[in-house]
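Student: Please find one structure pasted underneath; my questions will follow.
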Amino acid sequence: MAVIGIESSAHTLGVGISENGKVLANAREMYSIGSGGMIPMKVADFHAGNVRKVVRSALREAGLKLSDITAIGYTKGPGIGPCLRVAQVAAKTIAAQYHIPIFPVNHAIAHIEITKQLFHSSDPLTLYVSGGNSQIVALDSEPYMHYKVYGETFDIGVGNMIDSFAREAKLTPAWGSTVAKVAQGGKYVEMPYSVKGMDFTFTGLLTHATKVLHSGTVNLRDVAYSLQETAFAMLVEAMERALFLTSKKDVTLCGGVAQSTRLQEMLKGMARSHGTRFFVAPNEYNADNGAMIAVVAEKMHESGIKCPISACTVDQKYRIDSVRVAWQ
Ligand code: FE2
């Protein structure tokens, strides 16, 4: 059973193919952001212009034809509305033309599930960190099986916070990795630290770091280092509290910001100090990708979920905890 997944929630257009849980293809094209950030309609135009090509690349990589595909998935959300529409329309078109079932997939769940699958970790506590999201989640069976959010950002995602700082500092994309490079060898200067239970906020940290940077009293390297250390320490502290509460045996890290080697190191240190296993997927699966959408669509298909094509919408704010996890 080969399942195809299409992802277009932000600047990456990804098409992946999964068969019996194994990734057969993971093709992508990425819109080049430039220094001005993302203009939704321009990114959506890029995706629409490339979707046929990336579908063909994925099929070639897997050695399959569209007629060999037994089901299709697409990212329903969360994400940028006009961008989400591209995967939705492409998936609905293929589903209608080839008479195959279609599955709307939650983007955060896709990052979590592909990590679980790669490491055979069935019930981890996860830190999901990306541009727009920062959440601590784990499976919970009440009132039905779903990913419960134990903690999350009250304002902006950690990725957007780091990107905003990088733009203020006139750094070049990709901003997260540029900030990490600039921060190397930095010294710590005090920054606002805001954790409330298992929730956190980042705008105070961003405002303060930007002010200090523009004041010229502290060099960029030290501000970048302190900003990064503070943000990641907040996330790890909240995760440690959630780990005590949930007593999960595995900790996973996923999403775009999971590619940060410093965050990986800090979270792994915390997990290991409590005798907990730690897993983070290769960057290919933490960057946005189609394979993770295919993997979840395959699980949805196997569990007997049915989604009429007319109900296949997009939702920019699609909450992870609104999804019933029927495949677990
Ligand atoms: Fe993502």
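Convention: chains lettered A, B, ... in structure tokens order; per-chain residue numbering from 1; ligands numbered from 1 as shown.
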What residues have any atom no more than 9 Å from ligand 1 when counting only C-alpha atoms and all ligand atoms, and can you list them as a VMD selection string?
Tutor: chain A and resid 9 to 10 79 107 to 108 110 to 111 128 to 133 254 to 257 285 to 289
Student: Excluding same-chain residues fewer than 4 positions from Ile4 (chain A), what lies within 10 Å of it counting only C-alpha atoms, as a ChimeraX atom specification?
Tutor: /A:15-19,23-26,55,58-59,66,69-74,91,102,290-295,297-298
Student: Excluding Thr261 (chain A) and any residue of its chain fewer than 3 positions from it, enumerate the residues within 12 Å of it, using only C-alpha atoms, and give them as a PyMOL selection string.
Tutor: chain A and resi 176-177+180-181+184+228+232+253+256-258+264-268+280-283
Student: Have a look at A:Val3, A:Val223, A:Cys83, A:Ala169 and name the one nearest to Ser67 (chain A); count only C-alpha atoms.
Tutor: A:Val3
Student: Find the residue from A:Met198, A:Ile112, A:Met300, A:Leu139 that sits nearest to Ala238 (chain A); use only C-alpha atoms when measuring.
Tutor: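 Between A:Met198, A:Ile112, A:Met300, A:Leu139, the residue approaching Ala238 (chain A) most closely is A:Met198.
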Student: Where does DSSP see strand (DSSP E) in region 97-312 of chain A, if you list the residues as a ChimeraX atom specification?
Tutor: /A:102-106,125-129,134-140,146-152,195-196,199-200,250-254,277-280
Student: Using the selection just defined, write its residues with C-alpha atoms as a compact mmCIF listing (two decimals), in the first residue's frame.
Tutor:
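File produced: out-v3.txt:
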```txt
# COMPACT_ATOMS: atom_id res chain seq x y z
CA ILE A 102 -7.92 11.27 0.98
CA PHE A 103 -6.78 12.25 4.51
CA PRO A 104 -6.32 15.75 6.00
CA VAL A 105 -3.25 15.63 8.27
CA ASN A 106 -2.26 17.82 11.21
CA LEU A 125 6.82 13.32 25.71
CA THR A 126 7.51 15.66 22.78
CA LEU A 127 8.85 19.16 22.45
CA TYR A 128 7.51 20.45 19.13
CA VAL A 129 9.27 23.66 18.16
CA SER A 134 6.21 25.78 20.53
CA GLN A 135 4.36 23.05 22.41
CA ILE A 136 4.94 20.27 24.91
CA VAL A 137 2.68 17.34 24.02
CA ALA A 138 2.05 13.70 24.80
CA LEU A 139 -0.67 11.17 24.14
CA ASP A 140 -3.56 11.14 26.57
CA HIS A 146 -5.41 12.60 21.50
CA TYR A 147 -2.23 14.64 21.87
CA LYS A 148 -2.66 16.68 25.02
CA VAL A 149 -0.86 20.03 25.17
CA TYR A 150 0.89 20.21 28.55
CA GLY A 151 2.59 23.50 27.86
CA GLU A 152 2.92 26.00 25.05
CA VAL A 195 8.21 30.25 32.30
CA LYS A 196 4.78 29.89 33.96
CA ASP A 199 3.94 27.47 29.51
CA PHE A 200 6.29 30.18 28.33
CA ASP A 250 10.99 8.70 26.06
CA VAL A 251 11.59 12.35 25.17
CA THR A 252 11.49 13.45 21.52
CA LEU A 253 12.28 16.75 19.87
CA CYS A 254 10.77 17.71 16.52
CA ARG A 277 15.62 7.97 26.26
CA PHE A 278 16.02 10.90 23.86
CA PHE A 279 15.31 10.91 20.12
CA VAL A 280 15.52 13.52 17.40
```
Student: So which one's closest to Ser32 (chain A), A:Lys299, A:Tyr144, A:Thr203, A:His47? Using only C-alpha atoms, please.
Tutor: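 Using only C-alpha atoms, the shortest distance to Ser32 (chain A) belongs to A:His47.
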Student: Going by DSSP on the backbone, which bits of region 76-198 of chain A are alpha helix (DSSP H)? Write them as a VMD selection string, please.
Tutor: chain A and resid 81 to 98 107 to 119 158 to 168 175 to 183
Student: With C-alpha atoms kept, could you save the residues just selected as a short mmCIF file (atom, residue, chain, number, x, y, z; two decimals), in the first residue's frame?
Tutor:
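out_29.cif written:
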```cif
data_model
loop_
_atom_site.label_atom_id
_atom_site.label_comp_id
_atom_site.auth_asym_id
_atom_site.auth_seq_id
_atom_site.Cartn_x
_atom_site.Cartn_y
_atom_site.Cartn_z
CA GLY A 81 -3.83 29.84 4.39
CA PRO A 82 -2.93 30.46 0.73
CA CYS A 83 0.00 28.00 0.99
CA LEU A 84 -2.12 25.26 2.59
CA ARG A 85 -4.61 25.56 -0.28
CA VAL A 86 -2.06 24.30 -2.82
CA ALA A 87 -1.57 20.86 -1.20
CA GLN A 88 -5.30 20.63 -0.51
CA VAL A 89 -6.30 21.30 -4.12
CA ALA A 90 -3.58 19.02 -5.55
CA ALA A 91 -4.56 16.17 -3.19
CA LYS A 92 -8.29 16.54 -3.89
CA THR A 93 -7.62 16.54 -7.63
CA ILE A 94 -5.52 13.35 -7.47
CA ALA A 95 -8.00 11.66 -5.10
CA ALA A 96 -10.93 12.43 -7.43
CA GLN A 97 -9.09 11.43 -10.59
CA TYR A 98 -7.73 8.13 -9.25
CA HIS A 107 1.25 19.17 10.57
CA ALA A 108 2.45 18.93 14.19
CA ILE A 109 1.22 15.36 14.52
CA ALA A 110 3.09 14.49 11.33
CA HIS A 111 6.41 15.71 12.81
CA ILE A 112 5.71 13.73 16.00
CA GLU A 113 4.58 10.53 14.30
CA ILE A 114 7.50 10.26 11.89
CA THR A 115 9.93 10.64 14.80
CA LYS A 116 8.07 7.93 16.74
CA GLN A 117 8.18 5.66 13.73
CA LEU A 118 11.89 6.17 13.04
CA PHE A 119 12.86 5.27 16.62
CA VAL A 158 10.49 30.19 19.41
CA GLY A 159 11.44 30.00 15.72
CA ASN A 160 9.70 33.26 14.86
CA MET A 161 11.30 34.89 17.91
CA ILE A 162 14.80 33.92 16.74
CA ASP A 163 13.99 34.95 13.14
CA SER A 164 12.70 38.36 14.30
CA PHE A 165 15.89 38.95 16.29
CA ALA A 166 18.01 37.91 13.30
CA ARG A 167 16.18 40.40 11.06
CA GLU A 168 16.75 43.16 13.64
CA TRP A 175 18.07 32.85 10.43
CA GLY A 176 18.08 30.10 13.07
CA SER A 177 21.36 28.63 11.90
CA THR A 178 22.86 32.10 11.34
CA VAL A 179 22.04 33.13 14.92
CA ALA A 180 23.58 29.86 16.16
CA LYS A 181 26.77 30.58 14.20
CA VAL A 182 26.98 34.18 15.40
CA ALA A 183 26.41 33.04 19.01
#
```
Student: Pick out the closest residue to Ser260 (chain A) from this set: A:Leu245, A:Glu229, A:Thr153, A:Thr217. Count only C-alpha atoms.
Tutor: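 Result for the nearest residue to Ser260 (chain A): A:Glu229.
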Student: Please provide as a compact mmCIF listing (two decimals) with N, CA, C and O atoms, in the first residue's frame all residues within 7 Å of Pro78 (chain A), with the sequence filter that same-chain residues fewer than 2 positions apart are discarded (counting only C-alpha atoms).
Tutor:
```
# COMPACT_ATOMS: atom_id res chain seq x y z
N LYS A 76 -3.57 19.72 6.44
CA LYS A 76 -4.77 20.55 6.65
C LYS A 76 -4.41 21.86 7.38
O LYS A 76 -5.03 22.88 7.22
N ASN A 106 -2.75 16.73 10.36
CA ASN A 106 -2.26 17.82 11.21
C ASN A 106 -0.73 17.85 11.11
O ASN A 106 -0.06 16.85 11.34
N HIS A 107 -0.19 19.02 10.83
CA HIS A 107 1.25 19.17 10.57
C HIS A 107 2.11 18.80 11.80
O HIS A 107 3.13 18.13 11.66
N ASP A 315 -7.22 24.52 7.64
CA ASP A 315 -7.47 25.26 8.88
C ASP A 315 -6.12 25.82 9.35
O ASP A 315 -5.27 25.09 9.82
N GLN A 316 -6.00 27.13 9.20
CA GLN A 316 -4.72 27.79 9.54
C GLN A 316 -4.33 27.58 11.00
O GLN A 316 -3.17 27.61 11.34
N LYS A 317 -5.33 27.41 11.86
CA LYS A 317 -5.05 27.25 13.29
C LYS A 317 -5.43 25.85 13.79
O LYS A 317 -5.90 25.69 14.91
N TYR A 318 -5.25 24.87 12.97
CA TYR A 318 -5.64 23.49 13.29
C TYR A 318 -4.88 23.01 14.53
O TYR A 318 -3.68 22.77 14.48
```
